[in-house]
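Contents: one structure, followed by commentary.
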Amino acid sequence: MNLVLLGPPGAGKGTLAARLVEEFGFKHLSTGDILREEVAQGSELGKLAKGYMERGELVPDEVILGMVRERVDGEKEGFLFDGFPRTIAQAEGLERILPVNLVIYLDLPEEEVVRRLSARRVCKKCGANYNLLTQPPKVPGVCDRCGGELYQRPDDREEVIRNRFRVYLERSAPLIGYYERKGILVRVDASLSPEEVFARVAEVLRR
Ligand code: AMP
């Protein structure tokens, strides 16, 4: 089956995705992670995406769909899409690539999004996520897993976070109704602990 994680920035899509990959062996496809790699490498795609990302805006649909098509590469099963699709046009494009069987909607209000993302730190080396309030690293600034340096994503500053949330409401929230009408959406309260969120989703997947 193919799974989509939907929800505002900071709802815990990346954290949940990592657990689902561990437990169920999905192939994880995060468009945000791919774009950040392209930016770090200074590729043409990275140069194009950088400005949009810094402003908290969406990278154009055709660019994103091309990127996804390339990585899916004709396979039809076992994908976990994280941060994609983010617009109705992307969802329609995805349907032409492969079928989506289940959409997990991680529901979180704006104030909680801002609170979480302002405190988020990410490992430069392995990409592990920390939160200074709820999941701090054992040694400040250092990754527990690989010893890499922790940094704050440039788009995790408050004014950019608020813009990302606005963009989410305008462009991505319509996907909730879109997938609800298809009968494949499951809503999960993302203010629960990562463990509880994972347990709920795992239960849905084992049904
Ligand atoms: P994320 O890590 O998912 O929060 O993505 C970081 C940034 O990458 C977003 O704010 C967008 O600028 C861009 N991005 C990631 N995924 C998409 C997508 N599916 N469509 C458009 N832009 C995206």
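Going through the structure tokens in order, the chains are called A, B, and so on, while each chain numbers its residues from 1 and the ligands are numbered from 1 in the order shown.
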Taking only C-alpha atoms and all ligand atoms into account, which residues are within 9 Å of ligand 1, as number ranges by chain? A: 8-10, 13-14, 30-36, 49-61, 63-65, 82-87, 90, 155, 160-161, 164, 167
For N, CA, C and O atoms, I'd like the residues from the last selection saved as a short mmCIF file (atom, residue, chain, number, x, y, z; two decimals), in the first residue's frame.
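Wrote again.cif, looks like this:
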```
data_model
loop_
_atom_site.label_atom_id
_atom_site.label_comp_id
_atom_site.auth_asym_id
_atom_site.auth_seq_id
_atom_site.Cartn_x
_atom_site.Cartn_y
_atom_site.Cartn_z
N PRO A 8 -0.20 20.23 9.12
CA PRO A 8 0.59 21.46 9.09
C PRO A 8 2.05 21.19 9.41
O PRO A 8 2.38 20.13 9.97
N PRO A 9 2.93 22.14 9.07
CA PRO A 9 4.34 21.99 9.46
C PRO A 9 4.39 21.84 10.98
O PRO A 9 3.62 22.48 11.69
N GLY A 10 5.27 20.98 11.46
CA GLY A 10 5.42 20.84 12.90
C GLY A 10 4.47 19.86 13.55
O GLY A 10 4.51 19.64 14.76
N LYS A 13 5.17 14.97 11.24
CA LYS A 13 5.18 14.06 10.09
C LYS A 13 6.52 13.32 9.98
O LYS A 13 6.55 12.12 9.78
N GLY A 14 7.62 14.06 10.13
CA GLY A 14 8.95 13.45 10.00
C GLY A 14 9.21 12.41 11.08
O GLY A 14 9.72 11.32 10.81
N SER A 30 10.28 12.19 1.45
CA SER A 30 9.98 13.52 2.00
C SER A 30 10.46 14.57 1.01
O SER A 30 11.67 14.71 0.79
N THR A 31 9.52 15.30 0.41
CA THR A 31 9.91 16.30 -0.59
C THR A 31 10.73 17.41 0.07
O THR A 31 11.66 17.94 -0.55
N GLY A 32 10.44 17.73 1.33
CA GLY A 32 11.22 18.75 2.05
C GLY A 32 12.67 18.31 2.22
O GLY A 32 13.60 19.09 1.98
N ASP A 33 12.89 17.04 2.62
CA ASP A 33 14.26 16.52 2.79
C ASP A 33 15.00 16.54 1.46
O ASP A 33 16.18 16.91 1.40
N ILE A 34 14.32 16.12 0.39
CA ILE A 34 14.97 16.08 -0.93
C ILE A 34 15.38 17.50 -1.32
O ILE A 34 16.51 17.74 -1.77
N LEU A 35 14.46 18.46 -1.12
CA LEU A 35 14.77 19.84 -1.50
C LEU A 35 15.93 20.40 -0.68
O LEU A 35 16.81 21.08 -1.21
N ARG A 36 15.95 20.11 0.64
CA ARG A 36 17.06 20.61 1.47
C ARG A 36 18.40 20.03 1.00
O ARG A 36 19.41 20.72 1.00
N ALA A 49 14.70 26.23 -5.77
CA ALA A 49 13.83 26.01 -4.61
C ALA A 49 14.17 26.92 -3.43
O ALA A 49 13.28 27.25 -2.63
N LYS A 50 15.42 27.34 -3.33
CA LYS A 50 15.92 28.02 -2.12
C LYS A 50 15.05 29.20 -1.70
O LYS A 50 14.65 29.30 -0.53
N GLY A 51 14.76 30.10 -2.62
CA GLY A 51 14.00 31.31 -2.29
C GLY A 51 12.60 30.98 -1.77
O GLY A 51 12.17 31.53 -0.76
N TYR A 52 11.93 30.07 -2.44
CA TYR A 52 10.60 29.66 -1.99
C TYR A 52 10.67 29.14 -0.56
O TYR A 52 9.84 29.48 0.28
N MET A 53 11.66 28.28 -0.30
CA MET A 53 11.76 27.65 1.01
C MET A 53 12.05 28.68 2.10
O MET A 53 11.47 28.63 3.17
N GLU A 54 12.95 29.60 1.80
CA GLU A 54 13.30 30.61 2.81
C GLU A 54 12.11 31.49 3.16
O GLU A 54 12.00 31.98 4.28
N ARG A 55 11.23 31.71 2.20
CA ARG A 55 10.04 32.53 2.47
C ARG A 55 8.88 31.72 3.04
O ARG A 55 7.86 32.27 3.40
N GLY A 56 9.03 30.39 3.06
CA GLY A 56 7.95 29.54 3.55
C GLY A 56 6.85 29.36 2.52
O GLY A 56 5.72 29.00 2.84
N GLU A 57 7.20 29.60 1.23
CA GLU A 57 6.21 29.41 0.16
C GLU A 57 6.39 28.03 -0.47
O GLU A 57 7.38 27.36 -0.23
N LEU A 58 5.44 27.66 -1.33
CA LEU A 58 5.53 26.35 -1.96
C LEU A 58 6.34 26.42 -3.25
O LEU A 58 6.21 27.35 -4.03
N VAL A 59 7.15 25.40 -3.46
CA VAL A 59 7.88 25.23 -4.72
C VAL A 59 6.84 24.82 -5.77
O VAL A 59 5.89 24.09 -5.44
N PRO A 60 6.95 25.30 -7.03
CA PRO A 60 5.91 25.02 -8.02
C PRO A 60 5.59 23.52 -8.20
O PRO A 60 6.48 22.68 -8.14
N ASP A 61 4.30 23.25 -8.41
CA ASP A 61 3.80 21.87 -8.50
C ASP A 61 4.57 21.02 -9.51
O ASP A 61 4.89 19.86 -9.24
N VAL A 63 7.59 21.21 -10.60
CA VAL A 63 8.93 20.87 -10.12
C VAL A 63 8.84 19.70 -9.14
O VAL A 63 9.58 18.72 -9.21
N ILE A 64 7.89 19.81 -8.21
CA ILE A 64 7.72 18.78 -7.18
C ILE A 64 7.30 17.46 -7.82
O ILE A 64 7.85 16.40 -7.51
N LEU A 65 6.36 17.52 -8.75
CA LEU A 65 5.88 16.28 -9.38
C LEU A 65 6.99 15.60 -10.18
O LEU A 65 7.11 14.37 -10.14
N ASP A 82 5.70 12.13 2.66
CA ASP A 82 5.74 12.99 3.85
C ASP A 82 5.95 14.42 3.34
O ASP A 82 6.96 14.71 2.71
N GLY A 83 4.94 15.27 3.56
CA GLY A 83 5.04 16.65 3.06
C GLY A 83 4.65 16.76 1.59
O GLY A 83 4.91 17.78 0.95
N PHE A 84 4.06 15.73 1.07
CA PHE A 84 3.61 15.67 -0.33
C PHE A 84 2.42 14.73 -0.39
O PHE A 84 2.49 13.68 0.23
N PRO A 85 1.35 15.00 -1.13
CA PRO A 85 1.10 16.24 -1.86
C PRO A 85 0.72 17.39 -0.93
O PRO A 85 0.23 17.19 0.16
N ARG A 86 0.97 18.62 -1.40
CA ARG A 86 0.66 19.81 -0.62
C ARG A 86 -0.36 20.69 -1.31
O ARG A 86 -0.73 21.73 -0.76
N THR A 87 -0.80 20.32 -2.51
CA THR A 87 -1.85 21.06 -3.21
C THR A 87 -2.74 20.03 -3.92
O THR A 87 -2.33 18.88 -4.11
N GLN A 90 -1.06 18.70 -6.97
CA GLN A 90 -0.08 17.65 -6.67
C GLN A 90 -0.77 16.31 -6.40
O GLN A 90 -0.30 15.25 -6.83
N ASP A 155 13.86 28.20 8.04
CA ASP A 155 12.42 28.47 7.94
C ASP A 155 11.69 28.16 9.25
O ASP A 155 10.47 28.19 9.31
N VAL A 160 8.49 33.20 9.60
CA VAL A 160 8.40 32.24 8.49
C VAL A 160 7.43 31.11 8.86
O VAL A 160 6.64 30.65 8.03
N ILE A 161 7.45 30.69 10.12
CA ILE A 161 6.53 29.64 10.57
C ILE A 161 5.09 30.09 10.35
O ILE A 161 4.26 29.34 9.82
N ARG A 164 4.28 29.88 6.75
CA ARG A 164 4.10 28.48 6.33
C ARG A 164 2.73 27.98 6.75
O ARG A 164 2.08 27.24 6.02
N VAL A 167 0.14 29.46 4.39
CA VAL A 167 0.21 28.75 3.10
C VAL A 167 -0.44 27.37 3.25
O VAL A 167 -1.18 26.91 2.38
#
```
Step one, run DSSP on the backbone; step two, keep only residues of chain A assigned to strand (DSSP E); then write them as number ranges by chain. A: 3-6, 27-30, 79-82, 102-107, 120-123, 129-131, 150-151, 185-189
Once DSSP has gone over the backbone, tell me which residues of stretch 25-92 of chain A are in helix (DSSP H, G or I), as a count of residues only. 40
For A:Gly141: contacts at 12 Å, only C-alpha atoms, fewer than 6 positions along chain excluded, given as a list in words: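 Near neighbours after the sequence-gap exclusion: Arg120, Arg121, Val122, Cys123, Lys124, Asn129, Tyr130, Asn131, Leu132, Gly147, Gly148, Glu149, Leu150, Tyr151 and Gln152 of chain A.
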Could you tell me how far atom CA of A:Val100 lies from atom CA of A:Val204, in Å and to one decimal? 15.1 Å
With only C-alpha atoms as the counted atoms, please give the residues lying no more than 12 Å from A:Gly25, apart from itself and same-chain residues fewer than 2 positions off, as a list in words. Met1, Asn2, Leu3, Ala17, Ala18, Arg19, Leu20, Val21, Glu22, Glu23, Lys27, His28, Glu77, Gly78, Phe79 and Leu80 of chain A
For the residues selected in the previous step, produce a file with N, CA, C and O atoms as a compact mmCIF listing (two decimals), in the first residue's frame.
```txt
# COMPACT_ATOMS: atom_id res chain seq x y z
N MET A 1 0.82 -1.20 0.00
CA MET A 1 0.00 0.00 0.00
C MET A 1 0.86 1.25 0.00
O MET A 1 2.04 1.21 0.28
N ASN A 2 0.23 2.37 -0.34
CA ASN A 2 0.93 3.67 -0.31
C ASN A 2 0.22 4.60 0.65
O ASN A 2 -1.01 4.67 0.67
N LEU A 3 1.03 5.29 1.44
CA LEU A 3 0.52 6.10 2.54
C LEU A 3 0.95 7.56 2.37
O LEU A 3 2.08 7.82 1.96
N ALA A 17 7.05 9.43 10.42
CA ALA A 17 7.55 8.72 9.23
C ALA A 17 8.72 7.81 9.61
O ALA A 17 8.77 6.65 9.20
N ALA A 18 9.63 8.33 10.42
CA ALA A 18 10.81 7.54 10.82
C ALA A 18 10.37 6.26 11.53
O ALA A 18 10.88 5.16 11.26
N ARG A 19 9.39 6.36 12.43
CA ARG A 19 8.89 5.18 13.16
C ARG A 19 8.20 4.19 12.23
O ARG A 19 8.33 2.98 12.34
N LEU A 20 7.42 4.72 11.28
CA LEU A 20 6.67 3.86 10.35
C LEU A 20 7.63 3.11 9.43
O LEU A 20 7.39 1.95 9.07
N VAL A 21 8.72 3.76 9.05
CA VAL A 21 9.72 3.11 8.20
C VAL A 21 10.36 1.96 8.98
O VAL A 21 10.50 0.84 8.48
N GLU A 22 10.71 2.25 10.25
CA GLU A 22 11.33 1.26 11.12
C GLU A 22 10.44 0.03 11.27
O GLU A 22 10.88 -1.11 11.14
N GLU A 23 9.16 0.29 11.54
CA GLU A 23 8.24 -0.79 11.91
C GLU A 23 7.63 -1.51 10.71
O GLU A 23 7.39 -2.70 10.76
N LYS A 27 9.05 2.84 2.00
CA LYS A 27 10.07 3.67 1.37
C LYS A 27 9.66 5.12 1.63
O LYS A 27 8.62 5.56 1.15
N HIS A 28 10.47 5.83 2.38
CA HIS A 28 10.14 7.19 2.82
C HIS A 28 10.49 8.22 1.74
O HIS A 28 11.62 8.27 1.29
N GLU A 77 4.32 0.39 -5.20
CA GLU A 77 3.92 0.00 -3.84
C GLU A 77 4.92 0.39 -2.77
O GLU A 77 6.12 0.46 -3.04
N GLY A 78 4.39 0.57 -1.55
CA GLY A 78 5.25 0.66 -0.38
C GLY A 78 5.81 2.04 -0.09
O GLY A 78 6.74 2.17 0.69
N PHE A 79 5.22 3.09 -0.67
CA PHE A 79 5.73 4.44 -0.43
C PHE A 79 5.01 5.14 0.71
O PHE A 79 3.81 4.98 0.91
N LEU A 80 5.81 5.92 1.44
CA LEU A 80 5.26 6.79 2.48
C LEU A 80 5.62 8.22 2.08
O LEU A 80 6.79 8.59 2.09
```
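Nearest to A:Ala173 of all the residues A:Glu92, A:Glu75, A:Glu44, A:Asp107 is A:Asp107, counting only C-alpha atoms.
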So how many Å separate atom CA of A:Leu94 and atom CA of A:Leu106, to one decimal?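 Atom-to-atom, atom CA of A:Leu94 and atom CA of A:Leu106 are spaced 19.9 Å apart.
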